[in-house]
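Novice: I am attaching a structure below and will ask some questions about it afterwards.
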Amino acid sequence: MLKKATFFGTLVGLGFLLGAISGAIAAEPEMGTMNGNPPPQVNQFQRIEQHPGHRIAVTLGGLGLIGLELWWFLGSKPKSRQATAAGGIQEVTVTVDGGYEPSQIVVRAGQPVRLNFDRKDPSSCLEAVRFPDFRIAQDLPLNQVTPIEFTPEKPGSYEFTCGMNMFRGMIEVR
């Protein structure tokens, strides 16, 4: 499965590459100026002719990046999951791979919660998870499931983050 960060990084890199190529092509000197004769002085703007394929590629790349940005900020929603109660403990498995999946967890107040963190991502940022409101900090070994248990007493929203505070998740207590 292609990671989100890799996909978006590749897309942004492609956008920069297309912009650099179109700028380099536009800056190429005309054949008449290469023989030592200076170009004629004109006091107005001149149209720079570009190959239609380059125009189309840059336009499509720009539209694609605009569409991706709109989807990212307006269309994508974090995945939420209700904890399942078994034996008096609310339980959810959270996959740690380029972030937390699910990133929003709904639990009931006053009942014990067990979050099973299954870390698949080797990046150092995701080596630990922190729950500041519950005073929990736990290391997450790679390719192992690490259970974290706590009991939320009050309804509200409680954040959990990676060790570097870059990736975030939310526990909604009802």
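As shown in the structure tokens, the chain order sets the letters A, B, ...; within each chain, residues go from 1, and ligands are also counted from 1 in the order they appear.
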Could you give me, as a list in words, the residues within 9 Å of A:Pro112, counting only C-alpha atoms and dropping anything in the same chain fewer than 3 positions from it?

Specialist: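 Contacts, in chain order: Gly88, Ile89, Gln90, Glu91, Arg108, Ala109, Glu149, Phe150, Thr151 and Pro152 of chain A.
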
Novice: Let's have the selection written as a CSV table (one decimal), in the first residue's frame, with all heavy atoms.

Specialist:
chain,number,residue,atom,x,y,z
A,88,GLY,N,-16.0,-6.2,29.9
A,88,GLY,CA,-15.9,-5.0,30.7
A,88,GLY,C,-14.9,-4.0,30.3
A,88,GLY,O,-14.7,-3.0,30.9
A,89,ILE,N,-14.1,-4.4,29.2
A,89,ILE,CA,-13.0,-3.5,28.7
A,89,ILE,C,-13.4,-3.1,27.3
A,89,ILE,O,-13.7,-3.9,26.4
A,89,ILE,CB,-11.7,-4.2,28.8
A,89,ILE,CG1,-11.3,-4.5,30.2
A,89,ILE,CG2,-10.6,-3.3,28.1
A,89,ILE,CD1,-10.0,-5.2,30.4
A,90,GLN,N,-13.3,-1.8,27.1
A,90,GLN,CA,-13.5,-1.2,25.7
A,90,GLN,C,-12.1,-1.4,25.0
A,90,GLN,O,-11.1,-0.9,25.5
A,90,GLN,CB,-13.9,0.2,25.7
A,90,GLN,CG,-15.1,0.5,26.6
A,90,GLN,CD,-15.4,2.0,26.7
A,90,GLN,OE1,-16.0,2.6,25.8
A,90,GLN,NE2,-14.9,2.6,27.8
A,91,GLU,N,-12.2,-1.9,23.8
A,91,GLU,CA,-10.9,-2.3,23.1
A,91,GLU,C,-10.9,-1.8,21.6
A,91,GLU,O,-12.0,-2.0,21.0
A,91,GLU,CB,-10.7,-3.8,23.2
A,91,GLU,CG,-9.3,-4.2,22.8
A,91,GLU,CD,-9.0,-5.6,23.3
A,91,GLU,OE1,-9.9,-6.3,23.7
A,91,GLU,OE2,-7.8,-6.0,23.2
A,108,ARG,N,-16.7,5.1,26.1
A,108,ARG,CA,-17.6,5.6,27.1
A,108,ARG,C,-16.8,5.9,28.4
A,108,ARG,O,-15.8,5.3,28.7
A,108,ARG,CB,-18.6,4.5,27.5
A,108,ARG,CG,-19.6,4.3,26.4
A,108,ARG,CD,-20.8,3.4,26.8
A,108,ARG,NE,-21.2,2.6,25.7
A,108,ARG,CZ,-21.2,1.3,25.6
A,108,ARG,NH1,-21.0,0.6,26.7
A,108,ARG,NH2,-21.6,0.7,24.5
A,109,ALA,N,-17.3,7.0,29.1
A,109,ALA,CA,-16.7,7.4,30.3
A,109,ALA,C,-16.9,6.4,31.4
A,109,ALA,O,-17.9,5.7,31.5
A,109,ALA,CB,-17.2,8.8,30.7
A,149,GLU,N,-3.6,0.7,28.7
A,149,GLU,CA,-4.9,0.7,29.4
A,149,GLU,C,-5.0,1.9,30.3
A,149,GLU,O,-4.0,2.3,30.9
A,149,GLU,CB,-5.0,-0.6,30.2
A,149,GLU,CG,-5.0,-1.9,29.3
A,149,GLU,CD,-5.2,-3.1,30.1
A,149,GLU,OE1,-5.5,-3.0,31.4
A,149,GLU,OE2,-5.1,-4.2,29.5
A,150,PHE,N,-6.2,2.4,30.3
A,150,PHE,CA,-6.5,3.6,31.2
A,150,PHE,C,-8.1,3.6,31.3
A,150,PHE,O,-8.8,3.0,30.6
A,150,PHE,CB,-6.0,4.9,30.6
A,150,PHE,CG,-6.5,5.2,29.2
A,150,PHE,CD1,-7.6,6.0,29.0
A,150,PHE,CD2,-5.8,4.7,28.1
A,150,PHE,CE1,-8.0,6.3,27.8
A,150,PHE,CE2,-6.2,5.0,26.8
A,150,PHE,CZ,-7.4,5.8,26.7
A,151,THR,N,-8.5,4.4,32.2
A,151,THR,CA,-10.0,4.6,32.4
A,151,THR,C,-10.3,6.1,32.4
A,151,THR,O,-9.9,6.8,33.3
A,151,THR,CB,-10.4,4.0,33.8
A,151,THR,OG1,-10.1,2.6,33.8
A,151,THR,CG2,-11.9,4.1,34.0
A,152,PRO,N,-11.0,6.6,31.3
A,152,PRO,CA,-11.3,8.0,31.3
A,152,PRO,C,-12.6,8.2,32.2
A,152,PRO,O,-13.6,7.5,32.0
A,152,PRO,CB,-11.7,8.2,29.8
A,152,PRO,CG,-12.0,6.8,29.3
A,152,PRO,CD,-11.3,5.8,30.1

Novice: Figure out the distance between atom CA of A:Gln111 and atom CA of A:Gly156, please, to one decimal in Å.

Specialist: 14.1 Å

Novice: Which of stretch 92-174 of chain A counts as strand (DSSP E) under DSSP, as a count of residues only please?

Specialist: 45

Novice: Give the helix (DSSP H, G or I) residues of stretch 23-159 of chain A, as DSSP finds them on the backbone, and put them as a PyMOL selection string.

Specialist: chain A and resi 23-26+31-35+52-75+124-127+132-134

Novice: Could you write out that same residue set with N, CA and C atoms as a compact mmCIF listing (two decimals), in the first residue's frame?

Specialist:
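File written: again.txt
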# COMPACT_ATOMS: atom_id res chain seq x y z
N GLY A 23 10.06 26.80 -16.89
CA GLY A 23 10.86 28.02 -16.74
C GLY A 23 12.15 27.95 -17.53
N ALA A 24 12.79 26.79 -17.56
CA ALA A 24 14.03 26.63 -18.31
C ALA A 24 13.78 26.74 -19.81
N ILE A 25 12.69 26.18 -20.27
CA ILE A 25 12.36 26.25 -21.70
C ILE A 25 12.04 27.68 -22.10
N ALA A 26 11.33 28.41 -21.23
CA ALA A 26 10.98 29.79 -21.54
C ALA A 26 12.22 30.68 -21.55
N MET A 31 17.36 31.55 -31.52
CA MET A 31 18.49 31.24 -32.40
C MET A 31 19.16 32.52 -32.93
N GLY A 32 18.42 33.58 -33.12
CA GLY A 32 19.00 34.81 -33.67
C GLY A 32 19.93 35.51 -32.70
N THR A 33 19.78 35.31 -31.43
CA THR A 33 20.62 36.00 -30.46
C THR A 33 21.91 35.24 -30.19
N MET A 34 22.03 34.03 -30.68
CA MET A 34 23.22 33.24 -30.40
C MET A 34 24.38 33.56 -31.35
N ASN A 35 24.16 34.30 -32.42
CA ASN A 35 25.22 34.59 -33.38
C ASN A 35 25.98 35.87 -33.04
N PRO A 52 2.97 23.83 -27.23
CA PRO A 52 1.65 23.59 -26.61
C PRO A 52 1.64 22.42 -25.63
N GLY A 53 2.45 21.42 -25.88
CA GLY A 53 2.51 20.28 -24.95
C GLY A 53 3.01 20.69 -23.57
N HIS A 54 3.97 21.63 -23.54
CA HIS A 54 4.47 22.10 -22.26
C HIS A 54 3.40 22.89 -21.51
N ARG A 55 2.67 23.71 -22.23
CA ARG A 55 1.59 24.48 -21.62
C ARG A 55 0.55 23.54 -21.01
N ILE A 56 0.18 22.53 -21.77
CA ILE A 56 -0.83 21.58 -21.30
C ILE A 56 -0.33 20.82 -20.08
N ALA A 57 0.92 20.38 -20.10
CA ALA A 57 1.47 19.62 -18.97
C ALA A 57 1.51 20.47 -17.70
N VAL A 58 1.95 21.72 -17.81
CA VAL A 58 2.02 22.59 -16.65
C VAL A 58 0.61 22.90 -16.13
N THR A 59 -0.32 23.15 -17.03
CA THR A 59 -1.70 23.44 -16.63
C THR A 59 -2.33 22.24 -15.93
N LEU A 60 -2.16 21.04 -16.51
CA LEU A 60 -2.73 19.85 -15.88
C LEU A 60 -2.08 19.56 -14.54
N GLY A 61 -0.76 19.75 -14.45
CA GLY A 61 -0.08 19.56 -13.17
C GLY A 61 -0.58 20.53 -12.10
N GLY A 62 -0.76 21.78 -12.48
CA GLY A 62 -1.28 22.78 -11.54
C GLY A 62 -2.70 22.49 -11.11
N LEU A 63 -3.55 22.11 -12.07
CA LEU A 63 -4.94 21.76 -11.72
C LEU A 63 -4.99 20.53 -10.82
N GLY A 64 -4.11 19.57 -11.08
CA GLY A 64 -4.06 18.38 -10.23
C GLY A 64 -3.66 18.72 -8.81
N LEU A 65 -2.65 19.59 -8.66
CA LEU A 65 -2.22 19.99 -7.32
C LEU A 65 -3.30 20.80 -6.59
N ILE A 66 -4.01 21.65 -7.32
CA ILE A 66 -5.11 22.42 -6.71
C ILE A 66 -6.21 21.47 -6.26
N GLY A 67 -6.56 20.50 -7.11
CA GLY A 67 -7.59 19.53 -6.73
C GLY A 67 -7.17 18.70 -5.53
N LEU A 68 -5.91 18.30 -5.49
CA LEU A 68 -5.41 17.52 -4.35
C LEU A 68 -5.45 18.34 -3.07
N GLU A 69 -5.09 19.60 -3.16
CA GLU A 69 -5.12 20.46 -1.98
C GLU A 69 -6.55 20.67 -1.48
N LEU A 70 -7.48 20.88 -2.39
CA LEU A 70 -8.88 21.02 -1.98
C LEU A 70 -9.39 19.76 -1.32
N TRP A 71 -9.06 18.59 -1.90
CA TRP A 71 -9.50 17.33 -1.30
C TRP A 71 -8.89 17.16 0.08
N TRP A 72 -7.60 17.47 0.22
CA TRP A 72 -6.91 17.27 1.49
C TRP A 72 -7.53 18.10 2.60
N PHE A 73 -7.82 19.37 2.33
CA PHE A 73 -8.32 20.24 3.38
C PHE A 73 -9.84 20.22 3.53
N LEU A 74 -10.57 19.94 2.47
CA LEU A 74 -12.02 19.99 2.55
C LEU A 74 -12.69 18.63 2.49
N GLY A 75 -12.08 17.67 1.81
CA GLY A 75 -12.76 16.40 1.58
C GLY A 75 -12.33 15.26 2.47
N SER A 124 11.46 6.93 13.36
CA SER A 124 11.75 7.20 14.77
C SER A 124 10.67 8.05 15.43
N CYS A 125 9.95 8.82 14.65
CA CYS A 125 8.90 9.67 15.21
C CYS A 125 7.81 8.83 15.87
N LEU A 126 7.51 7.67 15.30
CA LEU A 126 6.42 6.84 15.80
C LEU A 126 6.89 5.76 16.77
N GLU A 127 8.07 5.92 17.34
CA GLU A 127 8.60 4.95 18.31
C GLU A 127 7.86 4.99 19.64
N PRO A 132 -0.99 12.89 27.11
CA PRO A 132 -0.67 13.85 28.17
C PRO A 132 -1.76 13.97 29.24
N ASP A 133 -3.03 13.88 28.86
CA ASP A 133 -4.12 14.04 29.83
C ASP A 133 -4.19 12.87 30.81
N PHE A 134 -3.67 11.71 30.42
CA PHE A 134 -3.69 10.54 31.28
C PHE A 134 -2.30 10.23 31.85

Novice: How many Å lie between atom CA of A:Thr93 and atom CA of A:Phe117, rounded to one decimal?

Specialist: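 Here the two named atoms are 6.0 Å from each other.
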
Novice: Near A:Val106, counting only C-alpha atoms, which residues have an atom at most 9 Å away, once you skip same-chain residues fewer than 2 positions from it, shown as a list in words?

Specialist: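 The residues satisfying every condition are Ser80, Arg81, Gln82, Ala83, Gln104, Arg108, Met170, Ile171, Glu172, Val173 and Arg174 of chain A.
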
Novice: If we count only C-alpha atoms, what is near A:Glu101 at a cut-off of 10 Å, once residues fewer than 2 positions away on the same chain are taken out, given as a compact mmCIF listing (two decimals) with all heavy atoms, in the first residue's frame?

Specialist:
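Heads up, here's the output in selection.txt:
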# COMPACT_ATOMS: atom_id res chain seq x y z
N PRO A 78 -10.79 12.37 9.08
CA PRO A 78 -10.14 11.29 9.81
C PRO A 78 -11.11 10.14 10.06
O PRO A 78 -12.30 10.36 10.24
CB PRO A 78 -9.68 11.94 11.11
CG PRO A 78 -10.42 13.22 11.21
CD PRO A 78 -10.87 13.59 9.84
N LYS A 79 -10.59 8.93 10.07
CA LYS A 79 -11.42 7.76 10.29
C LYS A 79 -11.67 7.60 11.78
O LYS A 79 -10.76 7.69 12.58
CB LYS A 79 -10.77 6.54 9.69
CG LYS A 79 -10.67 6.65 8.18
CD LYS A 79 -10.11 5.42 7.56
CE LYS A 79 -10.05 5.64 6.05
NZ LYS A 79 -9.42 4.56 5.37
N SER A 80 -12.92 7.34 12.12
CA SER A 80 -13.31 7.20 13.50
C SER A 80 -13.80 5.78 13.74
O SER A 80 -14.38 5.15 12.85
CB SER A 80 -14.43 8.20 13.81
OG SER A 80 -14.87 8.06 15.13
N ARG A 81 -13.56 5.29 14.95
CA ARG A 81 -14.02 3.94 15.28
C ARG A 81 -14.53 3.92 16.72
O ARG A 81 -13.91 4.49 17.61
CB ARG A 81 -12.89 2.94 15.12
CG ARG A 81 -13.38 1.51 15.33
CD ARG A 81 -12.37 0.47 14.99
NE ARG A 81 -11.97 0.60 13.60
CZ ARG A 81 -10.80 0.20 13.15
NH1 ARG A 81 -9.91 -0.33 13.94
NH2 ARG A 81 -10.49 0.35 11.87
N THR A 93 -7.96 -1.69 18.19
CA THR A 93 -6.61 -1.87 17.67
C THR A 93 -6.29 -0.66 16.79
O THR A 93 -7.05 -0.34 15.88
CB THR A 93 -6.49 -3.17 16.86
OG1 THR A 93 -6.75 -4.27 17.74
CG2 THR A 93 -5.10 -3.32 16.27
N VAL A 94 -5.15 -0.01 17.06
CA VAL A 94 -4.71 1.16 16.32
C VAL A 94 -3.46 0.77 15.55
O VAL A 94 -2.44 0.39 16.13
CB VAL A 94 -4.40 2.34 17.27
CG1 VAL A 94 -3.92 3.55 16.49
CG2 VAL A 94 -5.61 2.68 18.11
N THR A 95 -3.53 0.85 14.22
CA THR A 95 -2.37 0.57 13.37
C THR A 95 -1.52 1.83 13.25
O THR A 95 -2.03 2.90 12.93
CB THR A 95 -2.83 0.10 11.98
OG1 THR A 95 -3.68 -1.04 12.14
CG2 THR A 95 -1.65 -0.27 11.10
N VAL A 96 -0.23 1.69 13.51
CA VAL A 96 0.70 2.81 13.46
C VAL A 96 1.54 2.63 12.19
O VAL A 96 2.49 1.86 12.16
CB VAL A 96 1.60 2.85 14.71
CG1 VAL A 96 2.54 4.05 14.66
CG2 VAL A 96 0.76 2.88 15.97
N ASP A 97 1.15 3.34 11.13
CA ASP A 97 1.83 3.23 9.84
C ASP A 97 1.66 4.55 9.10
O ASP A 97 0.66 4.76 8.43
CB ASP A 97 1.27 2.07 9.03
CG ASP A 97 2.11 1.74 7.81
OD1 ASP A 97 3.24 2.27 7.69
OD2 ASP A 97 1.64 0.96 6.96
N GLY A 98 2.61 5.46 9.27
CA GLY A 98 2.50 6.78 8.66
C GLY A 98 1.46 7.63 9.37
O GLY A 98 0.93 8.58 8.80
N GLY A 99 1.14 7.31 10.58
CA GLY A 99 0.11 7.98 11.37
C GLY A 99 -0.65 6.93 12.16
O GLY A 99 -0.19 5.79 12.32
N SER A 103 -7.66 7.36 13.66
CA SER A 103 -7.09 8.49 14.37
C SER A 103 -8.10 9.10 15.34
O SER A 103 -7.73 9.96 16.14
CB SER A 103 -6.61 9.55 13.39
OG SER A 103 -7.68 10.00 12.59
N GLN A 104 -9.35 8.68 15.27
CA GLN A 104 -10.37 9.11 16.23
C GLN A 104 -11.04 7.88 16.80
O GLN A 104 -11.52 7.02 16.05
CB GLN A 104 -11.41 10.02 15.57
CG GLN A 104 -10.86 11.38 15.21
CD GLN A 104 -11.95 12.32 14.72
OE1 GLN A 104 -13.01 11.89 14.30
NE2 GLN A 104 -11.68 13.60 14.79
N ILE A 105 -11.09 7.81 18.13
CA ILE A 105 -11.64 6.65 18.82
C ILE A 105 -12.72 7.15 19.78
O ILE A 105 -12.49 8.11 20.53
CB ILE A 105 -10.53 5.91 19.58
CG1 ILE A 105 -9.45 5.46 18.60
CG2 ILE A 105 -11.10 4.73 20.36
CD1 ILE A 105 -8.16 5.05 19.25
N PHE A 117 -1.79 -0.86 20.17
CA PHE A 117 -1.03 -0.17 19.13
C PHE A 117 -0.17 -1.19 18.38
O PHE A 117 0.71 -1.81 18.97
CB PHE A 117 -0.17 0.94 19.73
CG PHE A 117 -0.96 2.15 20.11
CD1 PHE A 117 -1.54 2.24 21.36
CD2 PHE A 117 -1.12 3.19 19.22
CE1 PHE A 117 -2.28 3.36 21.73
CE2 PHE A 117 -1.86 4.31 19.57
CZ PHE A 117 -2.44 4.39 20.82
N ASP A 118 -0.43 -1.35 17.08
CA ASP A 118 0.31 -2.27 16.22
C ASP A 118 1.21 -1.42 15.31
O ASP A 118 0.76 -0.90 14.29
CB ASP A 118 -0.66 -3.12 15.40
CG ASP A 118 0.03 -4.16 14.55
OD1 ASP A 118 1.25 -4.38 14.74
OD2 ASP A 118 -0.64 -4.74 13.68
N GLY A 169 -3.80 11.83 17.27
CA GLY A 169 -5.06 11.13 17.28
C GLY A 169 -5.92 11.71 18.38
O GLY A 169 -5.46 12.53 19.18

Novice: Which value, in Å to one decimal, gives the distance between atom CA of A:Arg168 and atom CA of A:Leu142?

Specialist: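 Separation between atom CA of A:Arg168 and atom CA of A:Leu142: 18.5 Å.
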